[in-house]
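Just start-v8.cif here, mmCIF, C-alpha atoms:
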data_my_file
#
loop_
_atom_site.label_atom_id
_atom_site.label_comp_id
_atom_site.auth_asym_id
_atom_site.auth_seq_id
_atom_site.Cartn_x
_atom_site.Cartn_y
_atom_site.Cartn_z
CA MET A 1 -86.37 -35.32 -158.78
CA ARG A 2 -85.75 -37.24 -155.56
CA GLY A 3 -89.47 -37.09 -154.73
CA HIS A 4 -90.30 -38.59 -158.14
CA ARG A 5 -87.98 -41.55 -157.45
CA THR A 6 -89.57 -42.00 -154.03
CA THR A 7 -93.02 -42.03 -155.63
CA ARG A 8 -91.95 -44.66 -158.16
CA THR A 9 -90.33 -46.81 -155.50
CA ALA A 10 -93.41 -46.57 -153.27
CA ALA A 11 -95.68 -47.45 -156.20
CA LEU A 12 -93.61 -50.53 -157.03
CA LEU A 13 -93.62 -51.65 -153.42
CA CYS A 14 -97.40 -51.22 -153.31
CA ALA A 15 -97.74 -53.21 -156.52
CA ALA A 16 -95.61 -56.00 -155.02
CA LEU A 17 -98.01 -56.08 -152.06
CA GLY A 18 -101.02 -56.25 -154.37
CA LEU A 19 -102.10 -52.66 -153.76
CA THR A 20 -102.75 -50.05 -156.43
CA ALA A 21 -101.06 -46.69 -156.79
CA ALA A 22 -101.08 -43.99 -159.44
CA VAL A 23 -97.62 -43.27 -160.83
CA GLY A 24 -96.51 -40.40 -163.05
CA THR A 25 -99.14 -39.64 -165.66
CA ALA A 26 -101.03 -42.90 -165.19
CA SER A 27 -104.75 -42.58 -164.66
CA ALA A 28 -105.96 -42.91 -161.08
CA ALA A 29 -108.98 -44.90 -162.30
CA PRO A 30 -108.91 -48.54 -161.22
CA ALA A 31 -107.74 -50.91 -163.93
CA ALA A 32 -109.69 -54.02 -164.80
CA SER A 33 -107.93 -57.04 -163.33
CA PRO A 34 -106.90 -59.80 -165.72
CA PRO A 35 -109.09 -62.88 -165.67
CA THR A 36 -108.16 -65.63 -163.26
CA ALA A 37 -107.89 -69.16 -164.55
CA ARG A 38 -110.25 -72.05 -164.08
CA PRO A 39 -109.02 -75.62 -163.70
CA GLY A 40 -109.00 -77.57 -166.95
CA THR A 41 -108.38 -74.53 -169.17
CA SER A 42 -105.16 -73.14 -170.64
CA PRO A 43 -102.12 -72.89 -168.36
CA VAL A 44 -101.84 -69.96 -165.99
CA LEU A 45 -99.12 -67.55 -164.96
CA VAL A 46 -98.82 -67.51 -161.15
CA ASP A 47 -98.14 -64.04 -159.73
CA CYS A 48 -96.30 -62.95 -156.55
CA LEU A 49 -99.41 -63.38 -154.43
CA TRP A 50 -100.01 -66.93 -155.78
CA HIS A 51 -102.94 -65.84 -157.96
CA PRO A 52 -103.35 -67.66 -161.28
CA LYS A 53 -103.62 -65.21 -164.18
CA VAL A 54 -104.43 -65.60 -167.86
CA ARG A 55 -103.09 -62.95 -170.25
CA PRO A 56 -102.17 -60.37 -167.56
CA ASP A 57 -101.30 -56.87 -168.78
CA ALA A 58 -98.51 -56.60 -166.16
CA PHE A 59 -96.38 -59.02 -164.16
CA ILE A 60 -93.81 -58.48 -161.40
CA LEU A 61 -90.61 -60.43 -162.01
CA ALA A 62 -88.77 -59.35 -158.84
CA CYS A 63 -91.36 -60.09 -156.17
CA GLY A 64 -89.08 -59.26 -153.25
CA ASP A 65 -88.26 -55.69 -154.21
CA GLY A 66 -90.23 -54.84 -157.37
CA ASN A 67 -87.07 -53.81 -159.23
CA SER A 68 -88.08 -55.64 -162.41
CA ARG A 69 -91.57 -55.87 -163.87
CA LEU A 70 -93.33 -56.40 -167.16
CA ALA A 71 -95.85 -53.81 -168.31
CA SER A 72 -98.11 -53.11 -171.30
CA LEU A 73 -98.25 -56.80 -172.22
CA LYS A 74 -100.12 -57.58 -175.44
CA TRP A 75 -100.60 -61.32 -175.92
CA ASP A 76 -100.25 -62.82 -179.43
CA HIS A 77 -101.25 -66.28 -178.25
CA TRP A 78 -101.91 -68.24 -175.05
CA ASN A 79 -102.50 -71.97 -175.30
CA ALA A 80 -101.64 -75.35 -173.73
CA ARG A 81 -98.11 -75.35 -175.16
CA SER A 82 -96.94 -71.75 -174.88
CA ALA A 83 -97.77 -68.07 -174.69
CA LYS A 84 -96.18 -65.06 -176.35
CA ALA A 85 -96.51 -61.33 -175.71
CA THR A 86 -94.80 -58.06 -176.47
CA GLY A 87 -94.41 -55.38 -173.85
CA VAL A 88 -91.94 -53.45 -171.75
CA ASN A 89 -89.54 -54.64 -169.05
CA VAL A 90 -89.17 -51.87 -166.45
CA VAL A 91 -85.89 -52.43 -164.58
CA ASN A 92 -84.18 -50.52 -161.76
CA ASP A 93 -80.48 -49.93 -162.52
CA CYS A 94 -79.79 -49.90 -158.75
CA LYS A 95 -77.14 -47.20 -159.17
CA PRO A 96 -75.70 -46.24 -156.77
CA TYR A 97 -77.99 -48.67 -154.90
CA CYS A 98 -81.53 -49.90 -155.54
CA ALA A 99 -83.38 -47.45 -153.30
CA ALA A 100 -81.71 -44.56 -155.16
CA GLY A 101 -81.70 -46.24 -158.59
CA THR A 102 -83.49 -45.19 -161.76
CA PHE A 103 -86.08 -47.27 -163.59
CA HIS A 104 -85.53 -47.81 -167.33
CA SER A 105 -87.96 -49.32 -169.85
CA TYR A 106 -86.88 -51.84 -172.47
CA PRO A 107 -89.06 -53.32 -175.24
CA VAL A 108 -89.33 -57.07 -174.70
CA VAL A 109 -90.84 -60.20 -176.21
CA VAL A 110 -92.13 -62.53 -173.48
CA ARG A 111 -92.44 -66.27 -174.00
CA LEU A 112 -93.96 -68.74 -171.53
CA ASP A 113 -93.77 -72.52 -171.79
CA LYS A 114 -93.20 -75.83 -170.01
CA ALA A 115 -96.65 -76.10 -168.45
CA GLN A 116 -96.65 -78.23 -165.31
CA PRO A 117 -99.26 -79.05 -162.65
CA TRP A 118 -99.39 -76.27 -160.04
CA LYS A 119 -98.47 -77.50 -156.54
CA LYS A 120 -101.21 -75.35 -154.97
CA ASP A 121 -103.85 -76.88 -157.26
CA PRO A 122 -102.56 -79.87 -159.30
CA ARG A 123 -105.68 -79.73 -161.51
CA THR A 124 -104.36 -76.42 -162.86
CA GLN A 125 -101.48 -76.28 -165.32
CA ARG A 126 -99.09 -73.34 -164.86
CA TYR A 127 -96.27 -72.12 -167.05
CA ASP A 128 -92.93 -73.12 -165.53
CA ARG A 129 -90.53 -70.97 -167.58
CA ILE A 130 -90.35 -67.41 -168.87
CA VAL A 131 -88.00 -66.20 -171.59
CA LEU A 132 -87.41 -62.48 -172.11
CA GLU A 133 -86.02 -61.47 -175.51
CA TYR A 134 -84.76 -57.92 -176.01
CA PRO A 135 -85.03 -56.87 -179.70
CA ALA A 136 -83.18 -53.58 -179.09
CA GLN A 137 -81.61 -52.15 -175.95
CA ARG A 138 -81.51 -54.23 -172.80
CA PRO A 139 -80.47 -53.79 -169.18
CA GLU A 140 -76.76 -53.72 -168.47
CA GLN A 141 -75.39 -57.24 -167.85
CA PHE A 142 -78.41 -58.88 -169.53
CA ALA A 143 -78.06 -61.18 -172.53
CA LYS A 144 -80.25 -60.69 -175.60
CA ALA A 145 -82.42 -63.53 -174.24
CA MET A 146 -82.86 -64.26 -170.53
CA THR A 147 -84.51 -67.47 -169.29
CA TYR A 148 -85.95 -67.83 -165.78
CA PRO A 149 -87.87 -70.54 -163.97
CA LEU A 150 -91.24 -69.41 -162.62
CA TRP A 151 -92.29 -70.04 -159.03
CA ASP A 152 -94.68 -72.79 -158.10
#
Rewrite the structure of this file - the entire thing - as structure tokens.
Amino acid sequence: MRGHRTTRTAALLCAALGLTAAVGTASAAPAASPPTARPGTSPVLVDCLWHPKVRPDAFILACGDGNSRLASLKWDHWNARSAKATGVNVVNDCKPYCAAGTFHSYPVVVRLDKAQPWKKDPRTQRYDRIVLEYPAQRPEQFAKAMTYPLWD
């Protein structure tokens, strides 16, 4: 069991560094990367490596340690005002500490809004806020809806 946790932790660290790794029963085949944005189009979601993404299927929320990420995102809409998706928030419980913690998956509704010019490229609008809504179970200490600013 300890080896399985180590594999998951290593995979998340690789994902945070922009590398790919096969985890659990996931296919080892390379996944198609989400489209990058072009200036003058809908707002983008800026990832940990400062890449602009449109409708990504996954997104790391905790860039420093990879202990919270969004996966299996299915976008209902993505436009100049807002974006909405359903998916899973995979969160490390960090018990007894993060390196030995267990990852848990929670269904989540993701909302993006407050598009602002991106400092890296002011011609590109980027979403400035993310709201996570948990329709069922949620991580310990989390409210039913959690709002976070997004990096610029």
*asked:* When the PyMOL selection byres ((chain A and resi 55-58) around 7) is applied to the structure above, which residues does it catch, written out as number ranges by chain?
replied: A: 34, 53-54, 59-60, 70-75
For the PyMOL selection byres ((chain A and resi 148-151) around 6), applied here, can you spell out every residue it catches as a PDB file with C-alpha atoms, in the coordinates of the input?
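Dumped everything to expr-v1.pdb:
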ATOM      1  CA  ASP A 128     -92.930 -73.120-165.530  1.00  0.00           C
ATOM      2  CA  ARG A 129     -90.530 -70.970-167.580  1.00  0.00           C
ATOM      3  CA  ILE A 130     -90.350 -67.410-168.870  1.00  0.00           C
ATOM      4  CA  THR A 147     -84.510 -67.470-169.290  1.00  0.00           C
ATOM      5  CA  ASP A 152     -94.680 -72.790-158.100  1.00  0.00           C
TER       6      ASP A 152
END
*asked:* Set the distance at 12 Å and use only C-alpha atoms: which residues neighbour Lys95 of chain A once local chain neighbours fewer than 6 positions away are removed? I'd like the list as a ChimeraX atom specification.
replied: /A:67,101-104,140
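Compared by their closest atoms to Arg81 of chain A, and using all atoms listed in the file, the residues A:Gln116, A:Ser68, A:Thr124, A:Gln137 rank with A:Gln116 nearest.
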*Mind telling me what the PyMOL selection byres ((chain A and resi 117) around 12) catches here, as a list of chain:residue names?*
A:Pro39, A:Gly40, A:Ser42, A:Pro43, A:Val44, A:Leu45, A:Val46, A:Ala80, A:Lys114, A:Ala115, A:Gln116, A:Trp118, A:Lys119, A:Lys120, A:Asp121, A:Pro122, A:Arg123, A:Thr124, A:Gln125, A:Arg126, A:Tyr127, A:Asp128, A:Trp151, A:Asp152
_Å distance separating atom CA of Ser105 of chain A from atom CA of Ala136 of chain A, one decimal place_ =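 Between these atoms lies a distance of 11.2 Å.
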*What does the distance from atom CA of Leu61 of chain A to atom CA of Ala100 of chain A come to in Å, to one decimal?*
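According to the coordinates, atom CA of Leu61 of chain A and atom CA of Ala100 of chain A are separated by 19.4 Å.
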*Val108 of chain A: which residues within 8 Å, counting only C-alpha atoms, same-chain residues fewer than 2 positions away excluded, as a list in words?*
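Residues near the query, excluding close chain neighbours: Thr86, Gly87, Val88, Asn89, Tyr106, Val110, Leu132, Glu133, Tyr134 and Pro135 of chain A.
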*Do you have the atom CA of Val90 of chain A-atom CA of Arg69 of chain A distance handy?*
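Separating atom CA of Val90 of chain A from atom CA of Arg69 of chain A is a distance of 5.3 Å.
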